[in-house]
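Engineer: Here it is, the structure, as structure tokens.
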There are 2 protein chains.
Amino acid sequence: MGYKILIVDDEAMLTELLSNHLQDHGYMTFTANSSDEALAKLNTKPNLILLDINMPGMDGLELCKIIRNHIVCPILFLTARITEQDKVNGLRAGGDDYITKPFSLRELIARIEAHLRRDERNNRPPEVVTSQGLIINLSDRKVFWNERELSFSKREFDIIEFLSSNPNQVFDKERIYEAVWGYDAQGDSNVIKEHIRKIRAKLMRASGSGYIETVWGMGYRWEK
Amino acid sequence: MGYKILIVDDEAMLTELLSNHLQDHGYMTFTANSSDEALAKLNTKPNLILLDINMPGMDGLELCKIIRNHIVCPILFLTARITEQDKVNGLRAGGDDYITKPFSLRELIARIEAHLRRDERNNRPPEVVTSQGLIINLSDRKVFWNERELSFSKREFDIIEFLSSNPNQVFDKERIYEAVWGYDAQGDSNVIKEHIRKIRAKLMRASGSGYIETVWGMGYRWEK
DNA sequence: GTCAAAAGTCAAGAAATGGTCAAAACCATC
DNA sequence: GATGGTTTTGACCATTTCTTGACTTTTGAC
């Protein structure tokens with residue numbers, strides 16, 4: 001449920017169609033029509049990637065190697081015809097499976113599910129658990145306090161994610177801004193103060209603790 | 001403070017300009033206008049390298065790979081326009097970031113600082129332990145005396161950090177001022193006396209020892 | 001012992017930083 | 001384009017920390 005799938009193919013129409021179909025099956029999809037776009041969309045942290053082998057410019061195999069350096073998830077190649085050489089190259093590049101075009105959509109779904117199941121078993125911990133009952137699930141972007149779900153906005157969660165992933169370390173506001181907003185952001189420091197306030201309030205109301213400690217003159221730290 | 005940056009570009013004018021600008025920001029710079037020169041200057045042990053991708057002869061990517069075999073430090077590519085091929089190749093060659101020309105100097109500085117900070121965090125020894133039960137954790141900026149945490153203000157901790165990282169060495173007030181405040185001592189020497197007093201008081205109350213010894217007429221020394 | 005320079009102490013004011021609030025700007029959705 | 005939520009802003013207050021200056025004590029030289 002709610003798995004994210006990144007679809008990479010230079011034919012926009014195909015990505016579009018696949019995207020629709022997968023969405024109908026309850027997946028969250030992202031599409032990319034070039035290698036560059038694909039790399040850019042890795043930050044969506046997909047749970048699985050569908051990758052066309054034959055693309056202009058850098059082909060799928062090259063791209064696959066690069067992706068492997070960044071994230072771990074099943075990569076399924078889509079390919080028009082598969083030669084033995086293709087298969088070997090693909091495996092060597094880090095692919096997990098092949099689906100030859102044309103393929104039946106039912107087969108596609110079946111394979112995707114198989115890989116996600118296996119992946120789930122292997123890569124258990126996509127979550128961060130912190131003190132007594134607070135669970136931060138980074139892949140689902142959800143936070144729970146003893147069964148009960150707390151809701152945070154995007155920015156709020158981004159900040160929680162960053163800080164809680166580096167517990168006990170102090171980050172000044174600029175550093176947080178950089179991590180959450182991006183590089184050159186010339187942010188007013190009030191923005192962070194305000195978000196921290198909101199986060200603390202929500203956490204405090206639910207759990208009785210704010211989790212984020214202020215280190216005067218230095219920044220904030222996630223207390224684990 | 002005092003980071004060394006190696007600037008590699010075949011355009012002498014550009015390296016010159018960058019060099020000046022970075023020096024204005026407190027960096028120590030070295031320039032190289034060819035790959036050979038760059039390799040030769042690796043022995044300056046730069047903390048960061050700015051590398052032009054498009055150079056005659058061996059290009060930046062090749063150079064990057066070679067450099068990676070020699071030293072570990074952030075490598076930022078400078079490139080006229082970035083194609084997806086560039087990006088991919090660059091990542092593969094071991095680069096850490098891209099800056100496309102023309103770039104704003106502010107952005108350049110921001111990125112350099114970001115990378116140096118990150119690098120520093122990663123390569124920093126996690127903690128310093130000093131005599132009987134006093135633990136100074138530099139990355140968490142926490143000080144413990146037998147389980148119990150002692151709290152210090154930013155300046156206080158900065159001073160502790162500086163002195164305890166160079167135990168048994170005597171530093172006069174100007175030197176401490178320079179190390180902690182950042183530039184040439186402009187401040188009244190009382191500032192340091194006062195901070196030292198506070199630090200000693202806190203340490204003394206917790207541990208029974210002040211740790212900072214006065215060397216009359218010379219300065220202070222951290223007793224290990 | 002006396003003296004001057006250096007170091008230590010203390011209290012008070014200045015400066016910096018963080019917290020809070022309300023309102024404006026922004027954005028997606030209907 | 002109205003709505004409701006999110007994000008950003010600016011103003012203001014409270015608190016902590018930093019700095020200063022006057023004063024006392026210690027130190028080493030004479």
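Identifiers for the structure tokens are assigned positionally: chains receive A, B, ... in sequence, residues are indexed from 1 per chain, and ligands are indexed from 1 in the order shown.
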With only C-alpha atoms (C1' of nucleotides) as the counted atoms, please give the residues lying no more than 8 Å from segment 8-20 of chain C, apart from itself and same-chain residues fewer than 6 positions off, as a list in words.
Structural biologist: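 My list of contacting residues is Lys193, Arg197, Trp216 and Gly217 of chain A; Lys193 and Arg197 of chain B; DA14, DT16, DT17, DC18, DT19, DT24 and DT25 of chain D.
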Engineer: Here's a check: after a least-squares fit over all in-order C-alpha atoms, write chain B in the frame of chain A, as a CSV table (one decimal) with C-alpha atoms, in the first residue's frame.
Structural biologist:
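Once everything was written out, this is part-v7.csv:
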chain,number,residue,atom,x,y,z
B,1,MET,CA,10.2,13.0,-2.3
B,2,GLY,CA,12.9,13.9,-4.8
B,3,TYR,CA,13.7,10.4,-5.8
B,4,LYS,CA,16.1,10.0,-8.6
B,5,ILE,CA,15.1,7.9,-11.6
B,6,LEU,CA,17.3,6.8,-14.4
B,7,ILE,CA,15.5,6.1,-17.7
B,8,VAL,CA,17.3,3.9,-20.2
B,9,ASP,CA,16.0,3.5,-23.7
B,10,ASP,CA,17.5,3.9,-27.1
B,11,GLU,CA,14.6,5.9,-28.3
B,12,ALA,CA,15.5,9.4,-27.4
B,13,MET,CA,12.0,10.6,-27.8
B,14,LEU,CA,10.6,8.1,-25.3
B,15,THR,CA,13.2,8.9,-22.7
B,16,GLU,CA,12.4,12.6,-23.2
B,17,LEU,CA,8.7,12.1,-22.8
B,18,LEU,CA,9.0,9.9,-19.8
B,19,SER,CA,11.5,12.2,-18.2
B,20,ASN,CA,9.1,15.1,-18.5
B,21,HIS,CA,6.2,13.2,-17.1
B,22,LEU,CA,8.1,11.9,-14.2
B,23,GLN,CA,9.5,15.3,-13.4
B,24,ASP,CA,5.9,16.5,-13.3
B,25,HIS,CA,5.4,14.0,-10.6
B,26,GLY,CA,8.2,15.3,-8.5
B,27,TYR,CA,11.0,13.0,-9.5
B,28,MET,CA,14.5,14.0,-10.5
B,29,THR,CA,15.3,12.2,-13.8
B,30,PHE,CA,18.3,11.2,-15.7
B,31,THR,CA,18.2,9.7,-19.2
B,32,ALA,CA,20.5,7.4,-21.1
B,33,ASN,CA,20.1,6.3,-24.7
B,34,SER,CA,22.7,3.6,-24.7
B,35,SER,CA,24.1,1.1,-22.3
B,36,ASP,CA,27.4,2.9,-22.1
B,37,GLU,CA,25.6,6.1,-21.2
B,38,ALA,CA,23.5,4.3,-18.7
B,39,LEU,CA,26.6,2.8,-16.9
B,40,ALA,CA,28.2,6.2,-16.9
B,41,LYS,CA,25.2,7.7,-15.2
B,42,LEU,CA,25.1,5.2,-12.4
B,43,ASN,CA,27.1,7.6,-10.4
B,44,THR,CA,24.0,9.8,-10.1
B,45,LYS,CA,23.0,7.0,-7.6
B,46,PRO,CA,19.4,6.6,-8.9
B,47,ASN,CA,16.8,5.3,-6.5
B,48,LEU,CA,15.1,3.4,-9.3
B,49,ILE,CA,15.9,2.5,-12.9
B,50,LEU,CA,13.6,2.1,-15.9
B,51,LEU,CA,15.2,-0.1,-18.4
B,52,ASP,CA,14.3,-1.0,-22.0
B,53,ILE,CA,14.9,-4.6,-22.8
B,54,ASN,CA,15.4,-4.3,-26.5
B,55,MET,CA,18.3,-2.1,-27.2
B,56,PRO,CA,20.9,-2.4,-29.9
B,57,GLY,CA,24.3,-3.5,-28.8
B,58,MET,CA,24.2,-4.8,-25.3
B,59,ASP,CA,20.6,-5.4,-24.5
B,60,GLY,CA,18.8,-4.5,-21.3
B,61,LEU,CA,19.3,-7.8,-19.7
B,62,GLU,CA,23.0,-7.7,-20.0
B,63,LEU,CA,23.0,-4.2,-18.7
B,64,CYS,CA,20.8,-5.2,-15.8
B,65,LYS,CA,23.3,-7.8,-14.7
B,66,ILE,CA,26.1,-5.3,-14.8
B,67,ILE,CA,24.1,-2.7,-13.0
B,68,ARG,CA,23.4,-5.2,-10.3
B,69,ASN,CA,27.0,-5.5,-9.6
B,70,HIS,CA,27.2,-1.8,-8.9
B,71,ILE,CA,24.2,-0.6,-7.1
B,72,VAL,CA,21.1,-1.9,-5.4
B,73,CYS,CA,17.8,-0.3,-6.4
B,74,PRO,CA,14.6,-1.5,-8.0
B,75,ILE,CA,15.0,-2.1,-11.8
B,76,LEU,CA,11.8,-2.0,-13.8
B,77,PHE,CA,11.9,-3.4,-17.4
B,78,LEU,CA,10.1,-1.7,-20.2
B,79,THR,CA,9.4,-4.1,-23.0
B,80,ALA,CA,7.3,-4.0,-26.2
B,81,ARG,CA,5.8,-7.4,-25.7
B,82,ILE,CA,6.7,-9.8,-23.1
B,83,THR,CA,7.4,-13.4,-24.0
B,84,GLU,CA,7.9,-16.0,-21.3
B,85,GLN,CA,11.5,-16.0,-22.2
B,86,ASP,CA,11.7,-12.3,-21.5
B,87,LYS,CA,10.1,-12.7,-18.2
B,88,VAL,CA,12.3,-15.6,-17.1
B,89,ASN,CA,15.5,-14.0,-18.4
B,90,GLY,CA,14.6,-10.7,-16.8
B,91,LEU,CA,14.0,-12.2,-13.4
B,92,ARG,CA,17.2,-14.1,-13.6
B,93,ALA,CA,19.1,-11.0,-14.6
B,94,GLY,CA,17.9,-9.3,-11.4
B,95,GLY,CA,15.0,-7.3,-12.6
B,96,ASP,CA,12.2,-6.4,-10.2
B,97,ASP,CA,9.2,-5.8,-12.4
B,98,TYR,CA,7.9,-5.6,-15.9
B,99,ILE,CA,5.9,-3.0,-17.7
B,100,THR,CA,4.8,-3.8,-21.2
B,101,LYS,CA,4.5,-1.2,-23.8
B,102,PRO,CA,2.2,0.5,-24.4
B,103,PHE,CA,1.6,1.2,-20.8
B,104,SER,CA,-0.6,3.8,-19.1
B,105,LEU,CA,1.3,6.5,-17.4
B,106,ARG,CA,-0.8,6.1,-14.3
B,107,GLU,CA,0.2,2.5,-14.1
B,108,LEU,CA,3.8,3.5,-14.5
B,109,ILE,CA,3.7,5.9,-11.7
B,110,ALA,CA,1.8,3.5,-9.5
B,111,ARG,CA,4.4,0.8,-10.0
B,112,ILE,CA,7.3,3.2,-9.5
B,113,GLU,CA,5.8,4.4,-6.3
B,114,ALA,CA,5.1,0.9,-5.1
B,115,HIS,CA,8.7,-0.1,-5.6
B,116,LEU,CA,10.2,3.0,-4.1
B,117,ARG,CA,8.0,2.5,-1.0
B,118,ARG,CA,9.0,-1.1,-0.6
B,119,ASP,CA,12.6,-0.2,-1.1
B,120,GLU,CA,12.4,2.6,1.4
B,121,ARG,CA,10.9,0.3,3.9
B,122,ASN,CA,13.6,-2.3,3.5
B,123,ASN,CA,16.5,0.1,3.6
B,124,ARG,CA,15.3,2.2,6.4
B,125,PRO,CA,17.2,2.1,9.7
B,126,PRO,CA,14.7,0.7,12.0
B,127,GLU,CA,14.7,3.2,14.8
B,128,VAL,CA,16.1,6.3,16.3
B,129,VAL,CA,16.9,6.4,19.9
B,130,THR,CA,17.4,9.7,21.6
B,131,SER,CA,18.4,10.9,25.0
B,132,GLN,CA,17.5,9.1,28.2
B,133,GLY,CA,14.7,6.7,27.5
B,134,LEU,CA,12.9,8.3,24.6
B,135,ILE,CA,12.7,5.9,21.7
B,136,ILE,CA,11.3,6.9,18.4
B,137,ASN,CA,10.6,3.9,16.2
B,138,LEU,CA,10.2,5.2,12.7
B,139,SER,CA,9.0,2.0,11.0
B,140,ASP,CA,6.3,1.3,13.6
B,141,ARG,CA,5.7,5.0,14.0
B,142,LYS,CA,5.7,4.6,17.8
B,143,VAL,CA,7.2,6.7,20.5
B,144,PHE,CA,8.1,5.4,23.9
B,145,TRP,CA,9.2,7.0,27.1
B,146,ASN,CA,10.5,4.3,29.4
B,147,GLU,CA,8.2,1.5,28.3
B,148,ARG,CA,5.2,3.7,28.2
B,149,GLU,CA,3.9,4.5,24.7
B,150,LEU,CA,3.1,8.1,23.9
B,151,SER,CA,0.6,8.8,21.2
B,152,PHE,CA,1.0,11.3,18.4
B,153,SER,CA,-1.2,12.2,15.5
B,154,LYS,CA,0.1,11.8,12.0
B,155,ARG,CA,1.3,15.3,11.5
B,156,GLU,CA,2.8,15.4,14.9
B,157,PHE,CA,4.7,12.2,14.3
B,158,ASP,CA,5.8,13.5,10.9
B,159,ILE,CA,7.3,16.5,12.4
B,160,ILE,CA,9.0,14.5,15.2
B,161,GLU,CA,10.3,12.2,12.5
B,162,PHE,CA,11.8,14.9,10.5
B,163,LEU,CA,13.4,16.9,13.3
B,164,SER,CA,14.7,13.9,15.3
B,165,SER,CA,16.2,12.4,12.2
B,166,ASN,CA,18.2,15.5,11.8
B,167,PRO,CA,19.1,16.3,15.4
B,168,ASN,CA,20.8,19.5,16.4
B,169,GLN,CA,20.1,21.1,13.1
B,170,VAL,CA,17.9,24.2,12.9
B,171,PHE,CA,15.0,24.3,10.4
B,172,ASP,CA,12.9,27.3,9.8
B,173,LYS,CA,9.1,26.9,9.6
B,174,GLU,CA,9.1,26.9,5.8
B,175,ARG,CA,11.6,24.1,5.6
B,176,ILE,CA,9.6,22.0,8.1
B,177,TYR,CA,6.4,22.7,6.2
B,178,GLU,CA,8.0,21.7,3.0
B,179,ALA,CA,9.4,18.5,4.5
B,180,VAL,CA,6.2,17.4,6.2
B,181,TRP,CA,3.4,18.7,4.0
B,182,GLY,CA,5.3,18.2,0.8
B,183,TYR,CA,5.2,21.4,-1.2
B,184,ASP,CA,6.2,25.0,-0.8
B,185,ALA,CA,4.9,26.5,2.3
B,186,GLN,CA,1.5,28.0,1.6
B,187,GLY,CA,0.3,27.6,5.1
B,188,ASP,CA,0.1,30.0,7.9
B,189,SER,CA,3.1,29.6,10.1
B,190,ASN,CA,0.8,29.2,13.0
B,191,VAL,CA,0.1,25.7,11.9
B,192,ILE,CA,3.6,24.7,12.8
B,193,LYS,CA,3.7,26.7,16.0
B,194,GLU,CA,0.5,24.9,17.1
B,195,HIS,CA,1.8,21.5,16.3
B,196,ILE,CA,5.1,22.1,18.0
B,197,ARG,CA,3.1,23.1,21.0
B,198,LYS,CA,1.1,19.9,21.1
B,199,ILE,CA,4.2,17.8,20.6
B,200,ARG,CA,6.1,19.6,23.4
B,201,ALA,CA,3.2,19.3,25.7
B,202,LYS,CA,2.9,15.6,25.2
B,203,LEU,CA,6.7,15.0,25.5
B,204,MET,CA,6.9,17.3,28.5
B,205,ARG,CA,4.1,15.7,30.4
B,206,ALA,CA,5.7,12.2,29.9
B,207,SER,CA,9.4,12.9,30.2
B,208,GLY,CA,9.7,16.4,31.7
B,209,SER,CA,11.5,17.7,28.6
B,210,GLY,CA,10.1,19.1,25.4
B,211,TYR,CA,13.0,18.1,23.2
B,212,ILE,CA,12.3,20.7,20.6
B,213,GLU,CA,14.3,23.9,21.2
B,214,THR,CA,13.4,27.2,19.7
B,215,VAL,CA,16.2,29.1,18.0
B,216,TRP,CA,14.8,32.6,18.0
B,217,GLY,CA,14.4,34.1,14.5
B,218,MET,CA,15.7,30.9,12.9
B,219,GLY,CA,13.5,28.0,13.6
B,220,TYR,CA,13.4,24.8,15.7
B,221,ARG,CA,16.0,22.2,16.5
B,222,TRP,CA,15.7,18.7,18.0
B,223,GLU,CA,17.8,18.4,21.0
B,224,LYS,CA,19.6,15.2,21.3
Engineer: Just the helix (DSSP H, G or I) stuff from chain B, please, per backbone DSSP, written as a ChimeraX atom specification.
Structural biologist: /B:12-24,35-44,60-70,84-93,105-123,154-165,173-181,189-207
Engineer: Looking at only C-alpha atoms (C1' of nucleotides), which of D:DT20, D:DG1, D:DA11, D:DA29 is the one that sits closest to chain B?
Structural biologist: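 Of D:DT20, D:DG1, D:DA11, D:DA29, the one nearest chain B, counting only C-alpha atoms (C1' of nucleotides), is D:DT20.
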Engineer: Could you check how far atom C1' of DA4 of chain C sits from atom C1' of DA22 of chain D, in Å to one decimal?
Structural biologist: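 That distance, rounded to one decimal, is 18.1 Å.
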Engineer: Can you list, as number ranges by chain, all residues belonging to segment 4-194 of chain A that DSSP tags as strand (DSSP E)?
Structural biologist: A: 4-8, 28-32, 48-52, 75-79, 97-100, 127-130, 134-137, 142-145, 148-150, 170-171
Engineer: Do me a favour and pick out the residues of chain D within 10 Å of chain A, using only C-alpha atoms (C1' of nucleotides), as a list in words.
Structural biologist: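 Per the criterion, chain D yields DG5, DT6, DT7, DT8, DT9, DG10, DT16 and DT17 of chain D.
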